[in-house]
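Everything below belongs to final-v5.cif, which stores mmCIF, C-alpha atoms and all ligand atoms.
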```
data_upload
loop_
_atom_site.label_atom_id
_atom_site.label_comp_id
_atom_site.auth_asym_id
_atom_site.auth_seq_id
_atom_site.Cartn_x
_atom_site.Cartn_y
_atom_site.Cartn_z
CA MET A 1 4.16 -22.16 7.84
CA MET A 2 0.93 -20.33 7.02
CA ASN A 3 -1.55 -22.36 5.06
CA ARG A 4 -3.03 -19.84 2.61
CA ILE A 5 -2.21 -16.17 1.94
CA LEU A 6 -4.61 -14.19 -0.23
CA ILE A 7 -3.11 -11.49 -2.46
CA THR A 8 -5.66 -9.09 -3.94
CA GLY A 9 -4.57 -6.92 -6.86
CA ALA A 10 -2.41 -9.86 -7.92
CA ALA A 11 -2.36 -8.79 -11.60
CA GLY A 12 -0.91 -5.38 -10.74
CA THR A 13 2.68 -4.18 -10.42
CA LEU A 14 3.19 -5.06 -6.76
CA GLY A 15 0.90 -8.11 -6.97
CA THR A 16 2.99 -9.59 -9.78
CA MET A 17 6.18 -8.90 -7.82
CA LEU A 18 4.80 -10.42 -4.60
CA ARG A 19 3.37 -13.43 -6.43
CA ASP A 20 6.96 -14.25 -7.24
CA LYS A 21 8.67 -13.19 -4.03
CA LEU A 22 6.12 -14.66 -1.58
CA ARG A 23 6.21 -18.08 -3.26
CA GLY A 24 6.88 -20.62 -0.51
CA HIS A 25 5.96 -18.20 2.31
CA ALA A 26 2.65 -20.09 2.66
CA LYS A 27 1.57 -23.50 1.43
CA ILE A 28 -0.82 -21.79 -1.00
CA LEU A 29 -0.97 -18.29 -2.48
CA ARG A 30 -4.51 -17.39 -3.50
CA LEU A 31 -4.18 -14.77 -6.24
CA SER A 32 -7.07 -12.50 -7.06
CA ASP A 33 -7.79 -9.58 -9.35
CA VAL A 34 -10.50 -8.25 -11.63
CA ALA A 35 -7.92 -8.17 -14.44
CA GLU A 36 -6.58 -11.24 -16.18
CA MET A 37 -3.79 -13.15 -14.44
CA PRO A 38 -1.41 -15.86 -15.66
CA PRO A 39 -2.72 -19.35 -14.78
CA ALA A 40 -1.99 -20.94 -11.40
CA GLY A 41 1.34 -22.68 -10.93
CA ALA A 42 2.34 -25.05 -8.15
CA GLY A 43 1.20 -23.80 -4.77
CA GLU A 44 -1.10 -21.20 -6.33
CA GLU A 45 -4.83 -20.66 -6.76
CA VAL A 46 -6.14 -18.03 -9.18
CA VAL A 47 -9.52 -16.64 -8.15
CA PRO A 48 -10.87 -13.76 -10.26
CA CYS A 49 -12.97 -11.35 -8.22
CA ASP A 50 -14.29 -7.79 -8.38
CA LEU A 51 -13.72 -6.31 -4.93
CA SER A 52 -16.92 -4.29 -5.24
CA ASP A 53 -18.96 -7.53 -5.28
CA GLY A 54 -19.59 -8.34 -1.61
CA ASP A 55 -20.73 -11.96 -2.16
CA ALA A 56 -17.72 -12.74 -4.32
CA VAL A 57 -15.32 -11.21 -1.76
CA MET A 58 -17.01 -13.27 0.97
CA ARG A 59 -16.17 -16.46 -0.97
CA LEU A 60 -12.69 -15.20 -1.83
CA VAL A 61 -11.58 -14.74 1.78
CA GLU A 62 -12.86 -18.08 3.08
CA GLY A 63 -10.01 -20.40 4.05
CA CYS A 64 -7.27 -17.73 4.10
CA ASP A 65 -5.11 -17.16 7.17
CA GLY A 66 -3.47 -13.95 5.94
CA ILE A 67 -4.35 -11.26 3.40
CA VAL A 68 -2.15 -8.84 1.47
CA HIS A 69 -4.65 -6.31 0.18
CA LEU A 70 -3.25 -4.54 -2.86
CA GLY A 71 -6.35 -4.48 -5.06
CA GLY A 72 -7.90 -1.17 -6.01
CA ILE A 73 -7.36 2.08 -7.85
CA SER A 74 -3.73 3.02 -7.27
CA VAL A 75 -3.58 6.60 -8.60
CA GLU A 76 -5.84 9.65 -8.81
CA ARG A 77 -9.04 8.80 -10.73
CA SER A 78 -12.72 9.75 -10.70
CA PHE A 79 -14.71 9.27 -7.52
CA ASP A 80 -16.89 6.65 -9.27
CA LEU A 81 -13.94 4.35 -9.85
CA ILE A 82 -12.37 5.01 -6.46
CA GLU A 83 -15.68 4.48 -4.66
CA ALA A 84 -16.24 1.00 -6.12
CA ALA A 85 -12.77 -0.42 -5.60
CA ASN A 86 -11.29 1.48 -2.66
CA LEU A 87 -14.34 2.26 -0.52
CA ARG A 88 -16.82 -0.56 -1.14
CA GLY A 89 -13.97 -2.97 -1.89
CA VAL A 90 -12.28 -2.35 1.47
CA TYR A 91 -15.56 -2.58 3.35
CA ASN A 92 -16.33 -5.88 1.59
CA LEU A 93 -12.88 -7.23 2.48
CA TYR A 94 -13.19 -6.39 6.18
CA GLU A 95 -16.71 -7.82 6.37
CA ALA A 96 -15.47 -11.03 4.74
CA ALA A 97 -12.49 -11.22 7.11
CA ARG A 98 -14.84 -10.77 10.08
CA ALA A 99 -16.97 -13.67 8.83
CA HIS A 100 -14.00 -15.95 8.24
CA GLY A 101 -11.88 -15.94 11.40
CA MET A 102 -10.26 -12.51 11.06
CA PRO A 103 -7.05 -13.35 9.17
CA ARG A 104 -4.43 -10.61 9.56
CA ILE A 105 -4.57 -7.99 6.83
CA VAL A 106 -1.66 -6.10 5.31
CA PHE A 107 -3.47 -3.10 3.87
CA ALA A 108 -1.61 -1.26 1.09
CA SER A 109 -2.20 2.31 2.18
CA SER A 110 -0.20 5.14 0.68
CA ASN A 111 1.94 8.21 1.26
CA HIS A 112 -0.92 10.05 -0.47
CA THR A 113 -2.78 10.03 2.87
CA ILE A 114 -0.26 12.66 4.00
CA GLY A 115 0.92 13.96 0.64
CA TYR A 116 0.39 17.68 1.24
CA HIS A 117 2.99 17.74 4.02
CA ASP A 118 6.05 19.67 2.97
CA GLN A 119 9.24 17.74 2.23
CA THR A 120 11.00 19.68 4.99
CA THR A 121 8.65 18.17 7.60
CA ARG A 122 9.50 14.91 9.41
CA LEU A 123 6.50 12.73 10.24
CA ASP A 124 5.81 10.02 12.79
CA HIS A 125 2.63 7.98 13.37
CA THR A 126 0.89 10.97 14.99
CA ALA A 127 1.11 13.14 11.86
CA PRO A 128 -2.24 14.56 10.74
CA TYR A 129 -3.69 13.35 7.47
CA ARG A 130 -3.11 15.69 4.53
CA PRO A 131 -4.46 13.79 1.51
CA ASP A 132 -3.46 15.13 -1.89
CA GLY A 133 -6.47 13.80 -3.83
CA LEU A 134 -9.51 11.53 -3.71
CA TYR A 135 -7.17 8.53 -4.00
CA GLY A 136 -5.46 9.61 -0.77
CA VAL A 137 -8.85 10.17 0.85
CA SER A 138 -9.87 6.62 -0.10
CA LYS A 139 -6.77 5.21 1.62
CA ILE A 140 -7.68 7.17 4.75
CA PHE A 141 -11.13 5.56 4.54
CA GLY A 142 -9.43 2.15 4.37
CA GLU A 143 -7.29 2.95 7.41
CA ALA A 144 -10.42 4.07 9.27
CA VAL A 145 -12.28 0.84 8.43
CA ALA A 146 -9.28 -1.14 9.71
CA SER A 147 -9.27 0.88 12.94
CA LEU A 148 -13.03 0.39 13.43
CA TYR A 149 -12.85 -3.39 12.89
CA HIS A 150 -9.92 -3.60 15.30
CA ASP A 151 -11.65 -1.70 18.08
CA LYS A 152 -15.04 -3.35 17.54
CA PHE A 153 -14.06 -6.93 16.68
CA GLY A 154 -10.29 -7.36 17.31
CA GLN A 155 -9.37 -7.62 13.61
CA GLU A 156 -5.59 -7.04 13.28
CA SER A 157 -4.11 -5.03 10.41
CA ALA A 158 -0.89 -3.42 9.29
CA LEU A 159 -1.64 -0.14 7.53
CA VAL A 160 1.39 0.16 5.29
CA ARG A 161 1.69 3.70 3.95
CA ILE A 162 3.81 2.73 0.98
CA GLY A 163 6.11 5.42 -0.40
CA SER A 164 7.35 4.29 -3.83
CA CYS A 165 7.85 0.55 -4.26
CA THR A 166 9.97 0.05 -7.36
CA PRO A 167 12.98 -2.16 -8.18
CA ARG A 168 15.26 0.87 -7.67
CA PRO A 169 14.77 4.56 -6.86
CA GLU A 170 14.11 6.53 -10.05
CA ASN A 171 14.21 10.22 -9.10
CA TRP A 172 15.19 12.72 -6.39
CA ARG A 173 11.96 12.29 -4.43
CA MET A 174 12.46 8.56 -4.23
CA LEU A 175 15.69 9.12 -2.28
CA ALA A 176 13.18 9.65 0.56
CA THR A 177 10.16 7.56 -0.48
CA TRP A 178 11.78 4.40 -1.92
CA PHE A 179 10.54 1.10 -0.53
CA SER A 180 12.56 -1.80 -1.90
CA GLU A 181 10.74 -4.92 -2.96
CA ASP A 182 12.75 -7.02 -0.51
CA ASP A 183 11.95 -4.67 2.38
CA PHE A 184 8.25 -4.97 1.53
CA VAL A 185 8.53 -8.77 1.57
CA SER A 186 10.33 -8.76 4.93
CA LEU A 187 7.68 -6.42 6.34
CA ILE A 188 4.89 -8.79 5.26
CA ASP A 189 6.73 -11.71 6.89
CA ALA A 190 7.19 -9.70 10.10
CA VAL A 191 3.52 -8.69 10.18
CA PHE A 192 2.33 -12.29 9.86
CA ALA A 193 4.90 -13.60 12.40
CA ALA A 194 4.55 -10.95 15.12
CA PRO A 195 2.99 -12.22 18.36
CA ARG A 196 0.88 -9.06 18.50
CA LEU A 197 -0.03 -6.74 15.63
CA GLY A 198 -3.04 -4.72 16.71
CA CYS A 199 -3.90 -2.08 14.13
CA THR A 200 -0.53 -0.56 13.38
CA MET A 201 0.42 2.01 10.79
CA VAL A 202 3.85 1.37 9.27
CA TRP A 203 5.61 3.73 6.90
CA GLY A 204 6.39 1.62 3.85
CA ALA A 205 9.89 2.88 3.16
CA SER A 206 13.39 1.47 3.20
CA ALA A 207 16.10 2.68 5.61
CA ASN A 208 16.72 5.74 3.44
CA ASP A 209 19.30 8.27 4.70
CA HIS A 210 17.12 11.03 3.27
CA GLY A 211 13.78 9.62 4.50
CA TRP A 212 11.02 11.72 6.07
CA TRP A 213 9.17 9.07 8.12
CA ASP A 214 9.81 7.67 11.59
CA ASN A 215 8.73 4.08 12.31
CA ALA A 216 9.89 4.00 15.96
CA HIS A 217 6.32 3.30 17.18
CA ALA A 218 6.27 0.04 15.15
CA ALA A 219 9.66 -1.29 16.36
CA PHE A 220 7.83 -3.95 18.39
CA LEU A 221 7.10 -5.78 15.11
CA GLY A 222 10.80 -6.60 14.85
CA TRP A 223 10.97 -5.41 11.22
CA ARG A 224 14.22 -3.76 10.15
CA PRO A 225 14.40 -2.54 6.54
CA LYS A 226 17.79 -3.28 4.97
CA ASP A 227 17.93 -1.21 1.79
CA ASN A 228 18.81 2.47 1.46
CA ALA A 229 18.08 4.69 -1.53
CA ALA A 230 21.27 6.63 -0.74
CA ALA A 231 23.15 3.84 -2.52
CA PHE A 232 21.62 5.21 -5.76
CA ALA A 233 22.08 8.93 -4.97
CA GLU A 234 25.15 9.44 -7.15
CA GLU A 235 23.52 7.73 -10.11
CA ILE A 236 20.37 9.86 -9.72
CA ALA A 237 22.43 13.05 -9.41
CA ARG A 238 24.21 12.09 -12.64
CA THR A 239 21.18 11.04 -14.68
CA VAL A 240 18.11 12.91 -13.38
CA PRO A 241 17.93 16.73 -13.51
CA ARG A 242 17.34 18.20 -10.07
CA PRO A 243 13.82 19.75 -9.98
CA ASP A 244 13.26 23.40 -9.18
CA PRO A 245 12.55 23.65 -5.41
CA ASN A 246 9.27 25.47 -6.15
CA GLU A 247 7.87 22.62 -8.25
CA ALA A 248 5.40 20.27 -6.54
CA VAL A 249 7.70 17.34 -7.09
CA ALA A 250 10.34 18.99 -4.88
CA ARG A 251 7.98 20.66 -2.44
CA TYR A 252 5.32 18.16 -1.32
CA GLN A 253 5.86 14.65 0.02
CA CYS A 254 3.48 13.25 -2.61
CA GLY A 255 5.31 14.97 -5.43
CA VAL A 256 3.30 15.65 -8.56
CA PHE A 257 -0.02 14.30 -7.26
CA THR A 258 -0.89 17.82 -6.06
CA ASP A 259 -1.02 18.88 -9.72
CA GLU A 260 -3.86 16.42 -10.45
CA PRO A 261 -7.37 17.80 -10.99
CA ILE A 262 -10.41 16.32 -9.26
CA HIS A 263 -11.49 13.96 -12.06
CA PRO A 264 -15.16 14.90 -12.49
CA SER A 265 -16.60 11.83 -14.11
CA ARG A 266 -15.82 8.30 -15.16
CA LYS A 267 -15.60 9.35 -18.79
CA GLU A 268 -12.60 11.59 -18.10
CA ASP A 269 -10.42 8.78 -16.72
P1 LIG B 301 -1.67 -1.46 -9.70
O1 LIG B 301 -2.63 -0.44 -10.20
O2 LIG B 301 -0.60 -1.94 -10.61
O3 LIG B 301 -2.48 -2.74 -9.19
C1 LIG B 301 -3.74 -2.67 -8.59
C2 LIG B 301 -4.54 -3.86 -9.02
O4 LIG B 301 -5.84 -3.78 -8.42
C3 LIG B 301 -4.74 -3.93 -10.55
O5 LIG B 301 -4.25 -5.16 -11.06
C4 LIG B 301 -6.24 -3.80 -10.73
O6 LIG B 301 -6.77 -4.59 -11.78
C5 LIG B 301 -6.76 -4.27 -9.37
N1 LIG B 301 -8.10 -3.73 -9.12
C6 LIG B 301 -8.56 -2.48 -9.35
N2 LIG B 301 -9.87 -2.42 -9.08
C7 LIG B 301 -10.25 -3.65 -8.69
C8 LIG B 301 -11.50 -4.21 -8.29
N3 LIG B 301 -12.61 -3.48 -8.25
N4 LIG B 301 -11.52 -5.51 -7.94
C9 LIG B 301 -10.39 -6.27 -7.99
N5 LIG B 301 -9.18 -5.79 -8.35
C10 LIG B 301 -9.12 -4.49 -8.69
O7 LIG B 301 -1.05 -0.87 -8.36
P2 LIG B 301 0.31 -1.28 -7.61
O8 LIG B 301 1.35 -0.28 -7.94
O9 LIG B 301 0.58 -2.70 -7.81
O10 LIG B 301 -0.10 -1.02 -6.10
C11 LIG B 301 -0.73 -2.02 -5.32
C12 LIG B 301 -1.38 -1.37 -4.10
O11 LIG B 301 -0.41 -0.67 -3.36
C13 LIG B 301 -2.48 -0.37 -4.48
O12 LIG B 301 -3.53 -0.49 -3.53
C14 LIG B 301 -1.80 0.98 -4.34
O13 LIG B 301 -2.72 1.97 -3.98
C15 LIG B 301 -0.81 0.69 -3.20
N6 LIG B 301 0.37 1.55 -3.28
C16 LIG B 301 1.33 1.30 -4.23
C17 LIG B 301 2.47 2.08 -4.28
C18 LIG B 301 3.58 1.78 -5.22
O14 LIG B 301 4.67 2.35 -5.08
N7 LIG B 301 3.39 0.90 -6.23
C19 LIG B 301 2.64 3.24 -3.38
C20 LIG B 301 1.55 3.41 -2.44
C21 LIG B 301 0.47 2.57 -2.39
C1 LIG B 302 1.13 5.57 -4.89
O1 LIG B 302 0.27 5.53 -4.00
C2 LIG B 302 0.90 4.98 -6.23
O2 LIG B 302 0.08 3.82 -6.15
C3 LIG B 302 2.18 4.65 -6.97
O3 LIG B 302 1.86 4.42 -8.35
C4 LIG B 302 3.19 5.79 -6.85
O4 LIG B 302 2.70 6.94 -7.48
C5 LIG B 302 3.46 6.08 -5.39
O5 LIG B 302 2.26 6.29 -4.67
C6 LIG B 302 4.35 7.31 -5.18
O6 LIG B 302 3.92 8.25 -4.53
O7 LIG B 302 5.50 7.26 -5.64
#
```
Show me, as structure tokens, the structure contained in the file I just sent.
Ligand code: NAI
Ligand code: 15L
Amino acid sequence: MMNRILITGAAGTLGTMLRDKLRGHAKILRLSDVAEMPPAGAGEEVVPCDLSDGDAVMRLVEGCDGIVHLGGISVERSFDLIEAANLRGVYNLYEAARAHGMPRIVFASSNHTIGYHDQTTRLDHTAPYRPDGLYGVSKIFGEAVASLYHDKFGQESALVRIGSCTPRPENWRMLATWFSEDDFVSLIDAVFAAPRLGCTMVWGASANDHGWWDNAHAAFLGWRPKDNAAAFAEEIARTVPRPDPNEAVARYQCGVFTDEPIHPSRKED
């Protein structure tokens, strides 16, 4: 069993879910966020940290043999906010990992790296980036840092372009983008157990009949998602009005993110 897994962004939606579901997957879960977190339970350490503080991140990573990096701005916001958490924060994390034995990193990237692709397009790992906002651009920066540290130093990472990780699919778009919580957990386990990881992009989606993304290149990890949003298709058809095909939500892979403005300053967040 792994000794200590660090989860950044542990106070957030996915961090809270993984705090629960990864219990027992390592002797210790080190939980970190800039926001308040419930106190440590058995097998947990709670370590508050602002990812934009390089010295603090250096201390945070010491002694960890795996990292699930969720911390950061998770939607479209001003460049000021994104810069601190998603650019400097990722750089700080990779520098700290380099200094502390290069624990494997599961980097929570996003479908918003490719969000402007049309929903009629099927993508594999060679698809060009088409970010739909500064948030998407920041995730591309994170993927690029991971690639650099792999080529230069041998740091291994899984770049998980998460679609929509929710307890159940909630709308028509999620019939393609849904990533079940259990499939995310099994992916993290596979990433930490694989004999070789390299720097591998993985589409973070369940085995959805209506999915857009092909993970064939990552089959060597041995991860097989088990859930399928199609099981909820009837319920969605019954309860959620079908969007007009010309609306962003039905046209682009990122859905409504294309409607977001460029947020000009911190004050407007
Ligand atoms: P969230 O917004 O609920 O959680 C992010 C956490 O990061 C928050 O608790 C926040 O306090 C923390 N954070 C922000 N700035 C920080 C800083 N400077 N230092 C330390 N912590 C900081 O987001 P969620 O939904 O839990 O997503 C987790 C990760 O997965 C994010 O990186 C997000 O971009 C990514 N992701 C999530 C998807 C989803 O379906 N939930 C889809 C695609 C990507
Ligand atoms: C993301 O990257 C966001 O963090 C999450 O809140 C959802 O909006 C998700 O993408 C999505 O596209 O459904």
Pairwise distance for CA of Pro264 in chain A and CA of Ile162 in chain A, rounded to one decimal in Å: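 Separation of CA of Pro264 in chain A and CA of Ile162 in chain A: 26.3 Å.
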Distance filter 7 Å around ligand LIG 302 (chain B), atoms: only C-alpha atoms and all ligand atoms, out as a ChimeraX atom specification: /A:74-75,110-112,162-164,177,254-255
Around all the atoms of ligand LIG 301 (chain B) listed in the file, draw an axis-aligned box and extend it by 8 Å on each of the six sides; I want its centre and edge lengths in Å to one decimal, as JSON.
```
{"center_x": -4.0, "center_y": -1.4, "center_z": -7.1, "size_x": 33.3, "size_y": 25.7, "size_z": 25.4}
```
Could I get the residues of range 39-119 of chain A with an atom no further than 10 Å from an atom of range 14-19 of chain A, each paired with its nearest atom pair and that distance in Å to one decimal, using all atoms listed in the file, sorted by chain and residue number, as a tab-separated table?
```
residue	atom	partner	partner_atom	distance
A:Glu44	CA	A:Arg19	CA	9.0
A:Val68	CA	A:Gly15	CA	9.0
A:His69	CA	A:Gly15	CA	9.2
A:Leu70	CA	A:Gly15	CA	6.8
A:Gly71	CA	A:Gly15	CA	8.3
A:Ala108	CA	A:Leu14	CA	10.0
```
Polymer residues at most 12 Å from Val46 in chain A, all atoms listed in the file, same-chain spacing of 4 or more positions, as JSON, numbers by chain: {"A": [5, 6, 7, 8, 9, 10, 11, 19, 28, 29, 30, 31, 32, 33, 34, 35, 36, 37, 38, 39, 40, 41, 42, 60]}
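Taking atom O12 of ligand LIG 301 (chain B) and CA of Phe107 in chain A as the two end points, the separation is 7.8 Å.
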Point-to-point distance in Å for CA of Tyr135 in chain A and CA of Asp55 in chain A: 24.6 Å
Using only C-alpha atoms and all ligand atoms: which of A:Lys152, A:Arg130, A:Arg98, A:Arg161 has the shortest distance to ligand LIG 301 (chain B):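 Looking at the shortest contact to ligand LIG 301 (chain B), the residue is A:Arg161.
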Exercise: Asp65 in chain A partners within 10 Å, only C-alpha atoms, chain neighbours under 2 positions left out, as a list of chain:residue names: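 Once the adjacent positions are removed, what remains is A:Met2, A:Asn3, A:Arg4, A:Ile5, A:Leu6, A:Ala26, A:Val61, A:Glu62, A:Gly63, A:Ile67, A:Ala97, A:His100, A:Gly101, A:Met102, A:Pro103, A:Arg104, A:Ile105, A:Phe192.
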Exercise: Leu197 in chain A partners within 7 Å, all atoms listed in the file, chain neighbours under 5 positions left out, as a PyMOL selection string: chain A and resi 156-157+191
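The residue set within 8 Å of Ser52 in chain A, counting only C-alpha atoms and dropping same-chain residues fewer than 2 places from it, reads Asp50, Gly54, Val57, Ala84, Ala85, Arg88, Gly89 and Asn92 of chain A.
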Residue list as a PyMOL selection string for point (8.5, 21.3, -7.2), cut-off 12 Å, all atoms listed in the file: chain A and resi 118-119+172-173+242-259
Write to file, as a PDB file, in the coordinates of the input, the residues of the selection just made, with C-alpha atoms.
```
ATOM      1  CA  ASP A 118       6.050  19.670   2.970  1.00  0.00           C
ATOM      2  CA  GLN A 119       9.240  17.740   2.230  1.00  0.00           C
ATOM      3  CA  TRP A 172      15.190  12.720  -6.390  1.00  0.00           C
ATOM      4  CA  ARG A 173      11.960  12.290  -4.430  1.00  0.00           C
ATOM      5  CA  ARG A 242      17.340  18.200 -10.070  1.00  0.00           C
ATOM      6  CA  PRO A 243      13.820  19.750  -9.980  1.00  0.00           C
ATOM      7  CA  ASP A 244      13.260  23.400  -9.180  1.00  0.00           C
ATOM      8  CA  PRO A 245      12.550  23.650  -5.410  1.00  0.00           C
ATOM      9  CA  ASN A 246       9.270  25.470  -6.150  1.00  0.00           C
ATOM     10  CA  GLU A 247       7.870  22.620  -8.250  1.00  0.00           C
ATOM     11  CA  ALA A 248       5.400  20.270  -6.540  1.00  0.00           C
ATOM     12  CA  VAL A 249       7.700  17.340  -7.090  1.00  0.00           C
ATOM     13  CA  ALA A 250      10.340  18.990  -4.880  1.00  0.00           C
ATOM     14  CA  ARG A 251       7.980  20.660  -2.440  1.00  0.00           C
ATOM     15  CA  TYR A 252       5.320  18.160  -1.320  1.00  0.00           C
ATOM     16  CA  GLN A 253       5.860  14.650   0.020  1.00  0.00           C
ATOM     17  CA  CYS A 254       3.480  13.250  -2.610  1.00  0.00           C
ATOM     18  CA  GLY A 255       5.310  14.970  -5.430  1.00  0.00           C
ATOM     19  CA  VAL A 256       3.300  15.650  -8.560  1.00  0.00           C
ATOM     20  CA  PHE A 257      -0.020  14.300  -7.260  1.00  0.00           C
ATOM     21  CA  THR A 258      -0.890  17.820  -6.060  1.00  0.00           C
ATOM     22  CA  ASP A 259      -1.020  18.880  -9.720  1.00  0.00           C
TER      23      ASP A 259
END
```
Within 7 Å of Ser180 in chain A using all atoms listed in the file, minus same-chain residues under 2 positions, as a list of chain:residue names: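 My list of contacting residues is A:Cys165, A:Thr166, A:Pro167, A:Arg168, A:Trp178, A:Asp182, A:Asp183, A:Phe184, A:Ser206, A:Asp227.
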From A:Ser147, A:Gln155, A:Asn228, A:Thr121, residue lying nearest Gly66 in chain A [all atoms listed in the file]: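 Smallest separation from Gly66 in chain A among the options: A:Gln155.
Distances to ligand LIG 301 (chain B) were evaluated for A:Ile188, A:Leu87, A:Ala96, A:Leu51 using all atoms listed in the file, and the minimum falls at A:Leu51.
Checking A:Phe179, A:Cys64, A:Phe79, A:Tyr116 one by one against ligand LIG 301 (chain B), counting all atoms listed in the file, you find the shortest gap at A:Phe179.
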Given all atoms listed in the file as the counted atoms, nearest of A:Tyr94, A:Phe220, A:Tyr129, A:Trp203 to ligand LIG 301 (chain B):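 Looking at the shortest contact to ligand LIG 301 (chain B), the residue is A:Trp203.
Remark: for His263 in chain A, the closest of the candidate residues A:His25, A:His117, A:Arg77, A:Lys226 is A:Arg77 (distances computed over all atoms listed in the file).
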Quick one: range 208-223 of chain A with N, CA and C atoms, as a PDB file, keeping the file's coordinate frame?
```pdb
ATOM      1  N   ASN A 208      16.123   4.712   4.297  1.00  0.00           N
ATOM      2  CA  ASN A 208      16.720   5.740   3.440  1.00  0.00           C
ATOM      3  C   ASN A 208      17.358   6.866   4.265  1.00  0.00           C
ATOM      4  N   ASP A 209      18.627   7.169   3.986  1.00  0.00           N
ATOM      5  CA  ASP A 209      19.300   8.270   4.700  1.00  0.00           C
ATOM      6  C   ASP A 209      18.490   9.559   4.623  1.00  0.00           C
ATOM      7  N   HIS A 210      17.833   9.771   3.477  1.00  0.00           N
ATOM      8  CA  HIS A 210      17.120  11.030   3.270  1.00  0.00           C
ATOM      9  C   HIS A 210      15.621  10.911   3.526  1.00  0.00           C
ATOM     10  N   GLY A 211      15.210   9.887   4.273  1.00  0.00           N
ATOM     11  CA  GLY A 211      13.780   9.620   4.500  1.00  0.00           C
ATOM     12  C   GLY A 211      13.123  10.674   5.379  1.00  0.00           C
ATOM     13  N   TRP A 212      11.792  10.724   5.318  1.00  0.00           N
ATOM     14  CA  TRP A 212      11.020  11.720   6.070  1.00  0.00           C
ATOM     15  C   TRP A 212      10.207  11.096   7.214  1.00  0.00           C
ATOM     16  N   TRP A 213      10.167   9.724   7.280  1.00  0.00           N
ATOM     17  CA  TRP A 213       9.170   9.070   8.120  1.00  0.00           C
ATOM     18  C   TRP A 213       9.803   8.215   9.210  1.00  0.00           C
ATOM     19  N   ASP A 214       9.252   8.315  10.409  1.00  0.00           N
ATOM     20  CA  ASP A 214       9.810   7.670  11.590  1.00  0.00           C
ATOM     21  C   ASP A 214       8.912   6.494  12.011  1.00  0.00           C
ATOM     22  N   ASN A 215       9.483   5.294  11.974  1.00  0.00           N
ATOM     23  CA  ASN A 215       8.730   4.080  12.310  1.00  0.00           C
ATOM     24  C   ASN A 215       8.990   3.590  13.734  1.00  0.00           C
ATOM     25  N   ALA A 216       9.512   4.461  14.621  1.00  0.00           N
ATOM     26  CA  ALA A 216       9.890   4.000  15.960  1.00  0.00           C
ATOM     27  C   ALA A 216       8.712   3.331  16.690  1.00  0.00           C
ATOM     28  N   HIS A 217       7.503   3.845  16.472  1.00  0.00           N
ATOM     29  CA  HIS A 217       6.320   3.300  17.180  1.00  0.00           C
ATOM     30  C   HIS A 217       6.045   1.837  16.802  1.00  0.00           C
ATOM     31  N   ALA A 218       6.563   1.399  15.641  1.00  0.00           N
ATOM     32  CA  ALA A 218       6.270   0.040  15.150  1.00  0.00           C
ATOM     33  C   ALA A 218       7.462  -0.905  15.359  1.00  0.00           C
ATOM     34  N   ALA A 219       8.449  -0.465  16.156  1.00  0.00           N
ATOM     35  CA  ALA A 219       9.660  -1.290  16.360  1.00  0.00           C
ATOM     36  C   ALA A 219       9.309  -2.640  16.971  1.00  0.00           C
ATOM     37  N   PHE A 220       8.202  -2.699  17.717  1.00  0.00           N
ATOM     38  CA  PHE A 220       7.830  -3.950  18.390  1.00  0.00           C
ATOM     39  C   PHE A 220       7.555  -5.089  17.389  1.00  0.00           C
ATOM     40  N   LEU A 221       7.333  -4.745  16.122  1.00  0.00           N
ATOM     41  CA  LEU A 221       7.100  -5.780  15.110  1.00  0.00           C
ATOM     42  C   LEU A 221       8.383  -6.540  14.771  1.00  0.00           C
ATOM     43  N   GLY A 222       9.521  -5.944  15.130  1.00  0.00           N
ATOM     44  CA  GLY A 222      10.800  -6.600  14.850  1.00  0.00           C
ATOM     45  C   GLY A 222      11.257  -6.464  13.409  1.00  0.00           C
ATOM     46  N   TRP A 223      10.595  -5.591  12.645  1.00  0.00           N
ATOM     47  CA  TRP A 223      10.970  -5.410  11.220  1.00  0.00           C
ATOM     48  C   TRP A 223      12.059  -4.359  11.104  1.00  0.00           C
TER      49      TRP A 223
END
```
